[in-house]
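Participant: Next comes final02.cif, mmCIF, C-alpha atoms:
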```cif
data_target
#
loop_
_atom_site.group_PDB
_atom_site.id
_atom_site.type_symbol
_atom_site.label_atom_id
_atom_site.label_comp_id
_atom_site.auth_asym_id
_atom_site.auth_seq_id
_atom_site.Cartn_x
_atom_site.Cartn_y
_atom_site.Cartn_z
ATOM 1 C CA MET A 1 137.410 67.078 188.299
ATOM 2 C CA GLU A 2 138.037 70.405 186.618
ATOM 3 C CA ILE A 3 135.124 72.336 185.149
ATOM 4 C CA ILE A 4 134.819 75.683 183.366
ATOM 5 C CA ILE A 5 131.906 78.030 184.087
ATOM 6 C CA GLU A 6 131.393 80.979 181.733
ATOM 7 C CA GLU A 7 129.085 83.952 182.078
ATOM 8 C CA ILE A 8 127.835 84.921 178.613
ATOM 9 C CA SER A 9 125.566 87.548 177.087
ATOM 10 C CA ARG A 10 122.281 86.939 175.296
ATOM 11 C CA GLY A 11 124.255 86.957 172.075
ATOM 12 C CA HIS A 12 126.569 84.249 173.548
ATOM 13 C CA LYS A 13 129.492 86.651 173.891
ATOM 14 C CA LEU A 14 131.867 85.714 176.707
ATOM 15 C CA ILE A 15 131.716 88.053 179.728
ATOM 16 C CA SER A 16 133.718 86.135 182.348
ATOM 17 C CA GLN A 17 135.281 82.680 182.671
ATOM 18 C CA HIS A 18 136.146 80.576 185.733
ATOM 19 C CA LYS A 19 138.021 77.273 185.940
ATOM 20 C CA LEU A 20 137.493 75.323 189.162
ATOM 21 C CA SER A 21 138.842 72.058 190.573
ATOM 22 C CA LYS A 22 136.210 71.169 193.170
ATOM 23 C CA ASP A 23 133.573 68.470 193.476
ATOM 24 C CA ALA A 24 130.989 70.930 194.830
ATOM 25 C CA ILE A 25 130.519 74.445 193.443
ATOM 26 C CA LEU A 26 128.136 77.106 194.716
ATOM 27 C CA ILE A 27 126.809 79.873 192.473
ATOM 28 C CA GLY A 28 124.825 82.901 193.628
ATOM 29 C CA ARG A 29 124.879 86.521 194.716
ATOM 30 C CA GLY A 30 126.206 85.849 198.204
ATOM 31 C CA TYR A 31 129.883 86.368 198.935
ATOM 32 C CA GLN A 32 130.303 82.828 200.247
ATOM 33 C CA ASN A 33 129.816 81.350 196.754
ATOM 34 C CA ASP A 34 132.534 80.073 194.456
ATOM 35 C CA ILE A 35 131.000 82.041 191.548
ATOM 36 C CA ILE A 36 129.551 85.411 192.582
ATOM 37 C CA LEU A 37 127.080 87.091 190.218
ATOM 38 C CA SER A 38 125.773 90.651 190.657
ATOM 39 C CA ASP A 39 122.425 90.115 188.905
ATOM 40 C CA PRO A 40 119.748 91.311 191.414
ATOM 41 C CA HIS A 41 117.335 88.643 190.131
ATOM 42 C CA ILE A 42 119.669 85.922 191.401
ATOM 43 C CA CYS A 43 119.298 84.643 194.981
ATOM 44 C CA PRO A 44 122.211 84.680 197.454
ATOM 45 C CA ASP A 45 122.281 80.861 197.221
ATOM 46 C CA HIS A 46 121.095 80.004 193.749
ATOM 47 C CA LEU A 47 122.782 76.937 192.205
ATOM 48 C CA GLN A 48 124.843 74.013 193.400
ATOM 49 C CA LEU A 49 126.975 71.851 191.127
ATOM 50 C CA THR A 50 128.172 68.481 192.415
ATOM 51 C CA PHE A 51 130.305 65.750 190.899
ATOM 52 C CA ASP A 52 129.164 62.221 191.804
ATOM 53 C CA GLY A 53 132.269 60.521 190.450
ATOM 54 C CA GLU A 54 130.821 60.077 186.961
ATOM 55 C CA HIS A 55 128.598 63.064 186.135
ATOM 56 C CA TRP A 56 128.214 66.685 187.080
ATOM 57 C CA LEU A 57 124.763 67.430 188.517
ATOM 58 C CA ILE A 58 123.157 70.843 188.868
ATOM 59 C CA GLU A 59 120.381 71.714 191.293
ATOM 60 C CA ASP A 60 118.376 74.858 191.943
ATOM 61 C CA GLN A 61 118.360 75.866 195.639
ATOM 62 C CA GLY A 62 114.656 76.730 195.796
ATOM 63 C CA THR A 63 115.175 80.175 194.306
ATOM 64 C CA ILE A 64 112.558 82.865 193.710
ATOM 65 C CA ASN A 65 112.984 83.180 189.932
ATOM 66 C CA GLY A 66 114.149 79.623 189.295
ATOM 67 C CA SER A 67 116.865 78.171 187.073
ATOM 68 C CA TYR A 68 116.305 76.813 183.589
ATOM 69 C CA LEU A 69 118.003 75.521 180.510
ATOM 70 C CA GLU A 70 118.472 78.165 177.842
ATOM 71 C CA ASP A 71 115.043 77.439 176.357
ATOM 72 C CA GLY A 72 113.522 78.797 179.585
ATOM 73 C CA LYS A 73 111.152 75.828 180.008
ATOM 74 C CA THR A 74 113.175 72.967 181.435
ATOM 75 C CA GLY A 75 113.901 73.439 185.146
ATOM 76 C CA LEU A 76 117.115 72.350 186.845
ATOM 77 C CA ASN A 77 116.593 69.618 189.413
ATOM 78 C CA ASN A 78 119.462 67.119 189.518
ATOM 79 C CA HIS A 79 120.042 67.790 185.850
ATOM 80 C CA ILE A 80 123.022 65.907 184.384
ATOM 81 C CA ILE A 81 125.316 68.483 182.801
ATOM 82 C CA ASN A 82 126.600 67.990 179.276
ATOM 83 C CA SER A 83 129.593 69.969 178.092
ATOM 84 C CA GLY A 84 128.347 73.159 176.436
ATOM 85 C CA ASP A 85 125.020 73.333 178.321
ATOM 86 C CA ILE A 86 123.698 76.866 178.811
ATOM 87 C CA PHE A 87 121.579 77.764 181.838
ATOM 88 C CA SER A 88 119.413 80.802 182.522
ATOM 89 C CA ILE A 89 119.394 82.179 186.074
ATOM 90 C CA GLY A 90 117.773 85.548 186.693
ATOM 91 C CA LYS A 91 118.696 87.659 183.667
ATOM 92 C CA SER A 92 122.102 85.991 183.326
ATOM 93 C CA LEU A 93 123.306 83.101 181.191
ATOM 94 C CA LEU A 94 125.897 80.536 182.278
ATOM 95 C CA ARG A 95 127.650 78.085 179.989
ATOM 96 C CA ILE A 96 129.389 75.036 181.478
ATOM 97 C CA VAL A 97 132.092 73.210 179.560
ATOM 98 C CA PHE A 98 134.534 70.463 180.429
ATOM 99 C CA VAL A 99 138.288 70.660 179.900
ATOM 100 C CA ASN A 100 138.099 68.335 176.883
ATOM 101 C CA HIS A 101 135.465 70.468 175.158
ATOM 102 C CA PRO A 102 136.492 71.148 171.514
ATOM 103 C CA VAL A 103 137.334 74.733 170.587
ATOM 104 C CA ALA A 104 136.963 76.472 167.247
ATOM 105 C CA GLU A 105 139.939 76.832 164.943
ATOM 106 C CA THR A 106 142.151 79.872 165.331
ATOM 107 C CA VAL A 107 140.962 82.754 163.145
ATOM 108 C CA HIS A 108 143.355 85.065 161.315
ATOM 109 C CA PHE A 109 142.934 88.795 161.813
ATOM 110 C CA SER A 110 140.771 90.074 158.977
ATOM 111 C CA ALA A 111 141.380 93.351 157.148
ATOM 112 C CA PHE A 112 138.370 94.711 159.013
ATOM 113 C CA GLU A 113 139.867 93.912 162.444
ATOM 114 C CA ASN A 114 143.275 95.197 161.366
ATOM 115 C CA PHE A 115 141.607 98.477 160.416
ATOM 116 C CA ILE A 116 140.113 98.761 163.912
ATOM 117 C CA ASN A 117 143.490 98.024 165.530
ATOM 118 C CA ILE A 118 145.243 100.621 163.363
ATOM 119 C CA MET A 119 142.711 103.393 163.967
ATOM 120 C CA ARG A 120 142.874 103.027 167.761
ATOM 121 C CA HIS A 121 146.645 103.642 167.775
ATOM 122 C CA PRO A 122 147.428 107.015 169.430
ATOM 123 C CA VAL A 123 149.349 108.248 166.362
ATOM 124 C CA MET A 124 146.488 107.437 163.972
ATOM 125 C CA LEU A 125 143.957 108.895 166.395
ATOM 126 C CA ALA A 126 145.932 112.144 166.640
ATOM 127 C CA LEU A 127 146.271 112.234 162.838
ATOM 128 C CA SER A 128 142.537 111.660 162.284
ATOM 129 C CA MET A 129 141.569 114.360 164.771
ATOM 130 C CA SER A 130 144.104 116.765 163.238
ATOM 131 C CA VAL A 131 142.737 116.198 159.738
ATOM 132 C CA PHE A 132 139.202 116.727 161.026
ATOM 133 C CA ALA A 133 140.215 119.970 162.770
ATOM 134 C CA PHE A 134 142.052 121.229 159.671
ATOM 135 C CA VAL A 135 139.105 120.558 157.345
ATOM 136 C CA THR A 136 136.694 122.136 159.829
ATOM 137 C CA GLY A 137 138.850 125.255 160.082
ATOM 138 C CA TYR A 138 139.167 125.474 156.292
ATOM 139 C CA ILE A 139 135.382 125.279 155.874
ATOM 140 C CA PHE A 140 134.944 128.050 158.460
ATOM 141 C CA TYR A 141 137.456 130.101 156.465
ATOM 142 C CA LEU A 142 135.629 129.563 153.156
ATOM 143 C CA ASN A 143 132.270 130.480 154.672
ATOM 144 C CA ARG A 144 133.584 133.691 156.225
ATOM 145 C CA ALA A 145 132.996 136.826 154.184
ATOM 146 C CA THR A 146 135.758 138.898 155.804
ATOM 147 C CA GLU A 147 139.416 138.314 156.452
ATOM 148 C CA ALA A 148 140.279 136.622 159.751
ATOM 149 C CA ASN A 149 143.415 135.513 161.554
ATOM 150 C CA PHE A 150 144.268 132.066 162.868
ATOM 151 C CA SER A 151 143.136 132.688 166.449
ATOM 152 C CA GLN A 152 139.595 133.529 165.295
ATOM 153 C CA PHE A 153 139.195 130.023 163.858
ATOM 154 C CA LEU A 154 140.731 128.264 166.853
ATOM 155 C CA ALA A 155 137.680 128.488 169.124
ATOM 156 C CA PRO A 156 135.099 127.157 166.607
ATOM 157 C CA VAL A 157 137.462 124.387 165.487
ATOM 158 C CA ILE A 158 138.053 123.215 169.072
ATOM 159 C CA GLY A 159 134.339 123.473 169.810
ATOM 160 C CA MET A 160 133.398 121.439 166.726
ATOM 161 C CA SER A 161 136.016 118.795 167.544
ATOM 162 C CA LEU A 162 134.711 118.485 171.103
ATOM 163 C CA LEU A 163 131.133 118.313 169.824
ATOM 164 C CA PHE A 164 131.945 115.436 167.468
ATOM 165 C CA SER A 165 133.969 113.727 170.214
ATOM 166 C CA ALA A 166 130.840 113.603 172.371
ATOM 167 C CA TRP A 167 129.379 110.768 170.281
ATOM 168 C CA PRO A 168 132.199 108.171 170.655
ATOM 169 C CA ILE A 169 132.762 109.179 174.286
ATOM 170 C CA GLY A 170 129.032 108.767 174.963
ATOM 171 C CA VAL A 171 129.014 105.325 173.334
ATOM 172 C CA ALA A 172 132.074 104.283 175.383
ATOM 173 C CA LEU A 173 130.430 105.548 178.581
ATOM 174 C CA MET A 174 127.216 103.661 177.812
ATOM 175 C CA SER A 175 129.268 100.543 177.110
ATOM 176 C CA HIS A 176 131.024 100.919 180.462
ATOM 177 C CA LEU A 177 127.744 101.443 182.342
ATOM 178 C CA THR A 178 126.317 98.263 180.795
ATOM 179 C CA LYS A 179 129.335 96.312 182.099
ATOM 180 C CA HIS A 180 131.118 96.052 178.763
ATOM 181 C CA GLU A 181 134.590 97.222 177.865
ATOM 182 C CA ALA A 182 134.563 100.974 177.157
ATOM 183 C CA ARG A 183 137.419 100.963 174.564
ATOM 184 C CA ILE A 184 137.303 104.746 174.323
ATOM 185 C CA MET A 185 140.435 105.023 172.150
ATOM 186 C CA THR A 186 138.973 102.588 169.629
ATOM 187 C CA GLN A 187 135.626 104.413 169.585
ATOM 188 C CA LEU A 188 137.354 107.754 169.034
ATOM 189 C CA GLY A 189 139.647 106.403 166.305
ATOM 190 C CA ILE A 190 136.871 104.722 164.338
ATOM 191 C CA SER A 191 134.479 107.651 164.714
ATOM 192 C CA PHE A 192 136.938 110.313 163.536
ATOM 193 C CA ALA A 193 138.013 108.106 160.630
ATOM 194 C CA PHE A 194 134.393 108.038 159.473
ATOM 195 C CA PHE A 195 133.924 111.750 160.197
ATOM 196 C CA ASN A 196 136.786 112.408 157.768
ATOM 197 C CA LEU A 197 135.217 110.043 155.234
ATOM 198 C CA LEU A 198 132.028 112.110 155.531
ATOM 199 C CA TRP A 199 134.068 115.194 154.619
ATOM 200 C CA VAL A 200 135.396 113.316 151.578
ATOM 201 C CA SER A 201 131.870 112.266 150.560
ATOM 202 C CA ASP A 202 130.779 115.903 150.840
ATOM 203 C CA ILE A 203 133.573 116.942 148.463
ATOM 204 C CA ILE A 204 132.602 114.184 146.020
ATOM 205 C CA GLN A 205 128.963 115.297 146.097
ATOM 206 C CA ASN A 206 129.975 118.907 145.369
ATOM 207 C CA ILE A 207 132.128 117.821 142.428
ATOM 208 C CA VAL A 208 129.278 115.709 141.047
ATOM 209 C CA LYS A 209 126.815 118.602 141.437
ATOM 210 C CA PHE A 210 129.300 120.877 139.674
ATOM 211 C CA ASN A 211 129.484 118.545 136.675
ATOM 212 C CA PHE A 212 125.953 117.155 136.458
ATOM 213 C CA SER A 213 122.423 118.416 136.682
ATOM 214 C CA SER A 214 120.687 117.994 140.048
ATOM 215 C CA ASN A 215 118.131 115.789 138.279
ATOM 216 C CA TRP A 216 120.842 113.440 137.015
ATOM 217 C CA PRO A 217 120.515 109.970 138.635
ATOM 218 C CA LEU A 218 124.211 109.965 139.522
ATOM 219 C CA SER A 219 123.681 112.936 141.845
ATOM 220 C CA ASN A 220 121.005 111.050 143.774
ATOM 221 C CA LEU A 221 123.227 107.977 143.923
ATOM 222 C CA PHE A 222 126.114 109.897 145.486
ATOM 223 C CA SER A 223 123.747 111.430 148.037
ATOM 224 C CA LEU A 224 123.419 107.930 149.524
ATOM 225 C CA ILE A 225 127.140 107.830 150.421
ATOM 226 C CA PRO A 226 126.833 109.742 153.741
ATOM 227 C CA ILE A 227 123.845 107.579 154.720
ATOM 228 C CA ALA A 228 125.878 104.410 154.078
ATOM 229 C CA LEU A 229 128.861 105.842 156.005
ATOM 230 C CA ALA A 230 126.651 106.736 158.974
ATOM 231 C CA PHE A 231 125.204 103.214 159.034
ATOM 232 C CA CYS A 232 128.719 101.711 158.981
ATOM 233 C CA LEU A 233 129.808 104.024 161.813
ATOM 234 C CA PHE A 234 126.846 103.082 164.016
ATOM 235 C CA TRP A 235 127.405 99.392 163.199
ATOM 236 C CA LEU A 236 131.061 99.622 164.215
ATOM 237 C CA ASN A 237 130.205 101.521 167.415
ATOM 238 C CA SER A 238 127.834 98.697 168.362
ATOM 239 C CA TYR A 239 130.328 96.008 167.329
ATOM 240 C CA ILE A 240 133.113 97.508 169.432
ATOM 241 C CA GLY A 241 131.144 98.555 172.489
ATOM 242 C CA PHE A 242 128.409 95.990 173.050
ATOM 243 C CA HIS A 243 127.796 92.250 173.037
ATOM 244 C CA MET A 244 124.764 91.761 170.803
ATOM 245 C CA THR A 245 123.649 89.533 167.965
ATOM 246 C CA ALA A 246 124.403 90.512 164.364
ATOM 247 C CA ARG A 247 120.700 90.983 163.691
ATOM 248 C CA ARG A 248 120.211 93.323 166.642
ATOM 249 C CA ARG A 249 123.329 95.263 165.668
ATOM 250 C CA ILE A 250 121.889 95.844 162.193
ATOM 251 C CA VAL A 251 118.502 96.872 163.612
ATOM 252 C CA VAL A 252 120.142 99.361 166.010
ATOM 253 C CA SER A 253 122.327 100.808 163.231
ATOM 254 C CA VAL A 254 119.388 101.196 160.838
ATOM 255 C CA GLY A 255 117.315 102.824 163.590
ATOM 256 C CA LEU A 256 120.045 105.348 164.457
ATOM 257 C CA THR A 257 120.610 106.133 160.764
ATOM 258 C CA LEU A 258 116.905 106.750 160.180
ATOM 259 C CA LEU A 259 116.688 108.830 163.347
ATOM 260 C CA PHE A 260 119.658 110.986 162.352
ATOM 261 C CA PHE A 261 118.872 111.591 158.667
ATOM 262 C CA GLY A 262 115.094 111.401 159.027
ATOM 263 C CA GLY A 263 115.194 113.883 161.900
ATOM 264 C CA SER A 264 117.428 116.247 159.920
ATOM 265 C CA TYR A 265 115.080 116.045 156.940
ATOM 266 C CA LEU A 266 112.023 116.788 159.100
ATOM 267 C CA VAL A 267 113.770 119.788 160.679
ATOM 268 C CA GLN A 268 114.648 121.181 157.238
ATOM 269 C CA LEU A 269 111.118 120.535 156.030
ATOM 270 C CA SER A 270 109.584 122.310 159.024
ATOM 271 C CA ASN A 271 111.803 125.377 158.502
ATOM 272 C CA LYS A 272 111.063 125.570 154.777
ATOM 273 C CA PRO A 273 108.546 128.348 153.956
ATOM 274 C CA GLU A 274 105.435 127.414 152.008
ATOM 275 C CA PHE A 275 106.027 130.171 149.472
ATOM 276 C CA SER A 276 108.976 132.397 148.717
ATOM 277 C CA ALA A 277 108.656 135.511 146.570
ATOM 278 C CA ARG A 278 112.327 135.209 145.685
ATOM 279 C CA PRO A 279 113.406 132.164 143.706
ATOM 280 C CA HIS A 280 116.144 130.124 145.327
ATOM 281 C CA TYR A 281 119.140 129.404 143.119
ATOM 282 C CA ASP A 282 121.143 126.380 144.181
ATOM 283 C CA ALA A 283 124.476 125.871 142.453
ATOM 284 C CA THR A 284 127.956 124.701 143.322
ATOM 285 C CA ILE A 285 130.706 127.130 142.342
ATOM 286 C CA MET A 286 134.146 125.621 141.875
ATOM 287 C CA THR A 287 137.234 126.323 139.775
ATOM 288 C CA PRO A 288 137.375 124.885 136.218
ATOM 289 C CA GLY A 289 139.969 122.387 137.418
ATOM 290 C CA PHE A 290 137.173 120.358 139.030
ATOM 291 C CA MET A 291 135.240 120.033 135.782
ATOM 292 C CA PHE A 292 135.630 116.673 134.084
ATOM 293 C CA MET A 293 132.594 116.959 131.805
ATOM 294 C CA PRO A 294 133.202 118.753 128.464
ATOM 295 C CA SER A 295 131.676 122.236 128.366
ATOM 296 C CA SER A 296 129.917 123.812 125.389
ATOM 297 C CA ASP A 297 130.916 127.153 123.862
ATOM 298 C CA VAL A 298 128.710 130.242 123.774
ATOM 299 C CA ASP A 299 127.608 129.810 120.173
ATOM 300 C CA LYS A 300 126.436 126.238 120.762
ATOM 301 C CA PHE A 301 124.604 127.314 123.939
ATOM 302 C CA ILE A 302 122.749 130.068 121.997
ATOM 303 C CA LEU A 303 121.889 127.639 119.198
ATOM 304 C CA ASP A 304 120.547 125.051 121.638
ATOM 305 C CA SER A 305 118.517 127.745 123.395
ATOM 306 C CA GLU A 306 116.968 128.887 120.086
ATOM 307 C CA LYS A 307 116.030 125.306 119.270
ATOM 308 C CA LEU A 308 114.438 124.922 122.678
ATOM 309 C CA PHE A 309 112.375 128.112 122.275
ATOM 310 C CA THR A 310 111.325 127.077 118.763
ATOM 311 C CA LYS A 311 110.208 123.679 120.050
ATOM 312 C CA ALA A 312 108.258 125.336 122.856
ATOM 313 C CA GLN A 313 106.545 127.759 120.456
ATOM 314 C CA LYS A 314 105.498 124.926 118.151
ATOM 315 C CA ALA A 315 104.104 122.952 121.079
ATOM 316 C CA ALA A 316 102.177 126.025 122.284
ATOM 317 C CA ALA A 317 100.783 126.717 118.805
ATOM 318 C CA LYS A 318 99.735 123.111 118.412
ATOM 319 C CA LYS A 319 97.964 123.132 121.753
ATOM 320 C CA LYS A 320 96.237 126.425 120.881
ATOM 321 C CA GLY A 321 95.050 124.983 117.558
ATOM 322 C CA GLU A 322 93.441 122.062 119.348
#
```
What is this structure when it is put down as structure tokens?

Facilitator:
Amino acid sequence: MEIIIEEISRGHKLISQHKLSKDAILIGRGYQNDIILSDPHICPDHLQLTFDGEHWLIEDQGTINGSYLEDGKTGLNNHIINSGDIFSIGKSLLRIVFVNHPVAETVHFSAFENFINIMRHPVMLALSMSVFAFVTGYIFYLNRATEANFSQFLAPVIGMSLLFSAWPIGVALMSHLTKHEARIMTQLGISFAFFNLLWVSDIIQNIVKFNFSSNWPLSNLFSLIPIALAFCLFWLNSYIGFHMTARRRIVVSVGLTLLFFGGSYLVQLSNKPEFSARPHYDATIMTPGFMFMPSSDVDKFILDSEKLFTKAQKAAAKKKGE
């Protein structure tokens, strides 16, 4: 009788799948087994599955760490297998299903999955990296006080691109080392797409600062955009590279976001002097074309200033009279 044995992760993601047509199946770390597992906590001869003509039975072979149902309490000793049963051996999980086991309905590709497939395409990856390099070079140009030629920007642009590439490559390498699919092209495509979105959010924040006061609630609201983008990037990196539950993926993404932005904030706070004799003026200078809020003329500004000083003088006189 045919039987399917699947190795799954703790989040029940499929790692490997085997379909066998034997009445006796051996599972363990030894090379003589029908299913060979590399988990060092599994014995060379760990499990034996036998078909008695009516049921599949599973039996532990007197192993060191034992074999249990997924709950980790019920041992396996001539246990009658039901289709879909999950067993824990060592640090590995096995799911056993029969050929007539029902499968879930076919799922259409969502817009989210289509986005991942598009961004991993070599053309889109090259385009994303080119846009990132162009924006980086333009920012270096704007921040340079003296004239410079193209070759002077080439080295910092390449260096910045390689520096940002280290994150997706590192995630892909970690995924490979933990026996998951590396998917380096997908990691690079998604990461650089979000790096470019971070550039866009930076432009939006500058435009908002140019049009509104720094104390305006809208400015604080737009400052949350890069935090949200970073969380989405970390979530996607985990989704693509690792088999984990949705809850753990969210926890990991929140932790990385807090570590990145919280660490940056602490570094800025530690470098900030306690007192500065020179006042710091923070303003965003842009061309009038970026202004979408109506501006006041000089006469109205002077009139408003006089009203403000008059109000302040009255308040001071009233306080002095008290």

Participant: Would you list the residues near (135.0, 110.1, 157.0) (no more than 12 Å away, in the coordinates of the file, using all atoms listed in the file) as a list in words?

Facilitator: Ser128, Met129, Val131, Phe132, Val135, Gly189, Ile190, Ser191, Phe192, Ala193, Phe194, Phe195, Asn196, Leu197, Leu198, Trp199, Val200, Ser201, Asp202, Ile203, Ile204, Ile225, Pro226, Ile227, Ala228, Leu229, Ala230, Cys232 and Leu233 of chain A

Participant: Report, in Å with one decimal, the straight-line distance from atom CA of Glu70 of chain A to atom CA of Gly30 of chain A.

Facilitator: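 Atom CA of Glu70 of chain A sits 23.1 Å away from atom CA of Gly30 of chain A.
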
Participant: Any chance you could resolve the PyMOL selection byres ((chain A and resi 83-85) around 7) against this file and give the residues as a list in words?

Facilitator: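 That selection, the PyMOL selection byres ((chain A and resi 83-85) around 7), comes back as Ile81, Asn82, Ile86, Phe87, Arg95, Ile96, Val97, Phe98 and His101 of chain A.
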
Participant: Give the answer as one residue: which of A:Ile3, A:Val99, A:Thr136, A:Gly241 has the shortest atom-to-atom distance to Thr50 of chain A, using only C-alpha atoms?

Facilitator: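 With only C-alpha atoms as the atom set, the closest residue is A:Ile3.
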
Participant: I need the residue nearest Glu2 of chain A from this list: A:Leu14, A:Leu221, A:Ala316, A:Ala24. Use all atoms listed in the file for the distance.

Facilitator: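 Closest to Glu2 of chain A of all the choices is A:Ala24.
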
Participant: Dig up all the protein and nucleic acid residues within 10 Å of (140.3, 102.2, 173.1) in the file frame, using only C-alpha atoms, and format them as a list in words.

Facilitator: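 Residues lying no farther than 10 Å from the given point: Ile116, Asn117, Met119, Arg120, His121, Pro122, Ala172, Glu181, Ala182, Arg183, Ile184, Met185, Thr186, Gln187, Leu188, Gly189, Ile190, Ile240 and Gly241 of chain A.
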
Participant: Take the residues just selected and output them with C-alpha atoms as a PDB file, keeping the file's coordinate frame.

Facilitator:
```pdb
ATOM      1  CA  ILE A 116     140.113  98.761 163.912  1.00  0.00           C
ATOM      2  CA  ASN A 117     143.490  98.024 165.530  1.00  0.00           C
ATOM      3  CA  MET A 119     142.711 103.393 163.967  1.00  0.00           C
ATOM      4  CA  ARG A 120     142.874 103.027 167.761  1.00  0.00           C
ATOM      5  CA  HIS A 121     146.645 103.642 167.775  1.00  0.00           C
ATOM      6  CA  PRO A 122     147.428 107.015 169.430  1.00  0.00           C
ATOM      7  CA  ALA A 172     132.074 104.283 175.383  1.00  0.00           C
ATOM      8  CA  GLU A 181     134.590  97.222 177.865  1.00  0.00           C
ATOM      9  CA  ALA A 182     134.563 100.974 177.157  1.00  0.00           C
ATOM     10  CA  ARG A 183     137.419 100.963 174.564  1.00  0.00           C
ATOM     11  CA  ILE A 184     137.303 104.746 174.323  1.00  0.00           C
ATOM     12  CA  MET A 185     140.435 105.023 172.150  1.00  0.00           C
ATOM     13  CA  THR A 186     138.973 102.588 169.629  1.00  0.00           C
ATOM     14  CA  GLN A 187     135.626 104.413 169.585  1.00  0.00           C
ATOM     15  CA  LEU A 188     137.354 107.754 169.034  1.00  0.00           C
ATOM     16  CA  GLY A 189     139.647 106.403 166.305  1.00  0.00           C
ATOM     17  CA  ILE A 190     136.871 104.722 164.338  1.00  0.00           C
ATOM     18  CA  ILE A 240     133.113  97.508 169.432  1.00  0.00           C
ATOM     19  CA  GLY A 241     131.144  98.555 172.489  1.00  0.00           C
TER      20      GLY A 241
END
```

Participant: Set the distance at 10 Å and use only C-alpha atoms: which residues neighbour Phe150 of chain A once local chain neighbours fewer than 3 positions away are removed? I'd like the list as a VMD selection string.

Facilitator: chain A and resid 137 141 153 to 155

Participant: I'd like the interatomic distance between atom CA of Met1 of chain A and atom CA of Gly28 of chain A, to a tenth of an Å.

Facilitator: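 Separation of atom CA of Met1 of chain A and atom CA of Gly28 of chain A: 20.9 Å.
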
Participant: As an exercise, work out the distance from atom CA of Ser238 of chain A to atom CA of Ser88 of chain A in Å and give it to one decimal place.

Facilitator: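 Separation of atom CA of Ser238 of chain A and atom CA of Ser88 of chain A: 24.3 Å.
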
Participant: For Glu7 of chain A, which of A:Ser92, A:His55, A:Gln48, A:Lys22 is the closest residue, counting all atoms listed in the file?

Facilitator: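 Checking each candidate against Glu7 of chain A, we get A:Ser92 as the closest.
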
Participant: Report the centre and edge lengths, in Å to one decimal, of an axis-aligned box enclosing every atom of segment 232-243 of chain A listed in the file, padded by 5 Å on each side, as JSON.

Facilitator:
```
{"center_x": 130.0, "center_y": 98.1, "center_z": 166.0, "size_x": 16.3, "size_y": 21.8, "size_z": 24.1}
```

Participant: Pick the closest to Met286 of chain A from A:Ile8, A:Leu69, A:Ile207, A:Ala312: which is it, counting all atoms listed in the file?

Facilitator: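 When distances to Met286 of chain A are compared using all atoms listed in the file, the smallest one comes from A:Ile207.
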
Participant: Output segment 155-166 of chain A as a PDB file, keeping the file's coordinate frame, making sure N, CA and C atoms are there.

Facilitator:
```pdb
ATOM      1  N   ALA A 155     138.798 128.807 168.223  1.00  0.00           N
ATOM      2  CA  ALA A 155     137.680 128.488 169.124  1.00  0.00           C
ATOM      3  C   ALA A 155     136.605 127.644 168.446  1.00  0.00           C
ATOM      4  N   PRO A 156     136.113 128.018 167.247  1.00  0.00           N
ATOM      5  CA  PRO A 156     135.099 127.157 166.607  1.00  0.00           C
ATOM      6  C   PRO A 156     135.612 125.778 166.219  1.00  0.00           C
ATOM      7  N   VAL A 157     136.894 125.694 165.849  1.00  0.00           N
ATOM      8  CA  VAL A 157     137.462 124.387 165.487  1.00  0.00           C
ATOM      9  C   VAL A 157     137.525 123.477 166.704  1.00  0.00           C
ATOM     10  N   ILE A 158     137.998 124.013 167.834  1.00  0.00           N
ATOM     11  CA  ILE A 158     138.053 123.215 169.072  1.00  0.00           C
ATOM     12  C   ILE A 158     136.648 122.820 169.508  1.00  0.00           C
ATOM     13  N   GLY A 159     135.714 123.770 169.427  1.00  0.00           N
ATOM     14  CA  GLY A 159     134.339 123.473 169.810  1.00  0.00           C
ATOM     15  C   GLY A 159     133.716 122.395 168.948  1.00  0.00           C
ATOM     16  N   MET A 160     133.949 122.461 167.624  1.00  0.00           N
ATOM     17  CA  MET A 160     133.398 121.439 166.726  1.00  0.00           C
ATOM     18  C   MET A 160     134.043 120.086 166.981  1.00  0.00           C
ATOM     19  N   SER A 161     135.337 120.062 167.252  1.00  0.00           N
ATOM     20  CA  SER A 161     136.016 118.795 167.544  1.00  0.00           C
ATOM     21  C   SER A 161     135.483 118.170 168.825  1.00  0.00           C
ATOM     22  N   LEU A 162     135.266 119.002 169.849  1.00  0.00           N
ATOM     23  CA  LEU A 162     134.711 118.485 171.103  1.00  0.00           C
ATOM     24  C   LEU A 162     133.277 118.006 170.907  1.00  0.00           C
ATOM     25  N   LEU A 163     132.518 118.707 170.080  1.00  0.00           N
ATOM     26  CA  LEU A 163     131.133 118.313 169.824  1.00  0.00           C
ATOM     27  C   LEU A 163     131.071 116.944 169.148  1.00  0.00           C
ATOM     28  N   PHE A 164     131.928 116.718 168.161  1.00  0.00           N
ATOM     29  CA  PHE A 164     131.945 115.436 167.468  1.00  0.00           C
ATOM     30  C   PHE A 164     132.548 114.341 168.354  1.00  0.00           C
ATOM     31  N   SER A 165     133.410 114.724 169.302  1.00  0.00           N
ATOM     32  CA  SER A 165     133.969 113.727 170.214  1.00  0.00           C
ATOM     33  C   SER A 165     132.928 113.217 171.202  1.00  0.00           C
ATOM     34  N   ALA A 166     131.863 113.993 171.392  1.00  0.00           N
ATOM     35  CA  ALA A 166     130.840 113.603 172.371  1.00  0.00           C
ATOM     36  C   ALA A 166     130.181 112.277 171.996  1.00  0.00           C
TER      37      ALA A 166
END
```
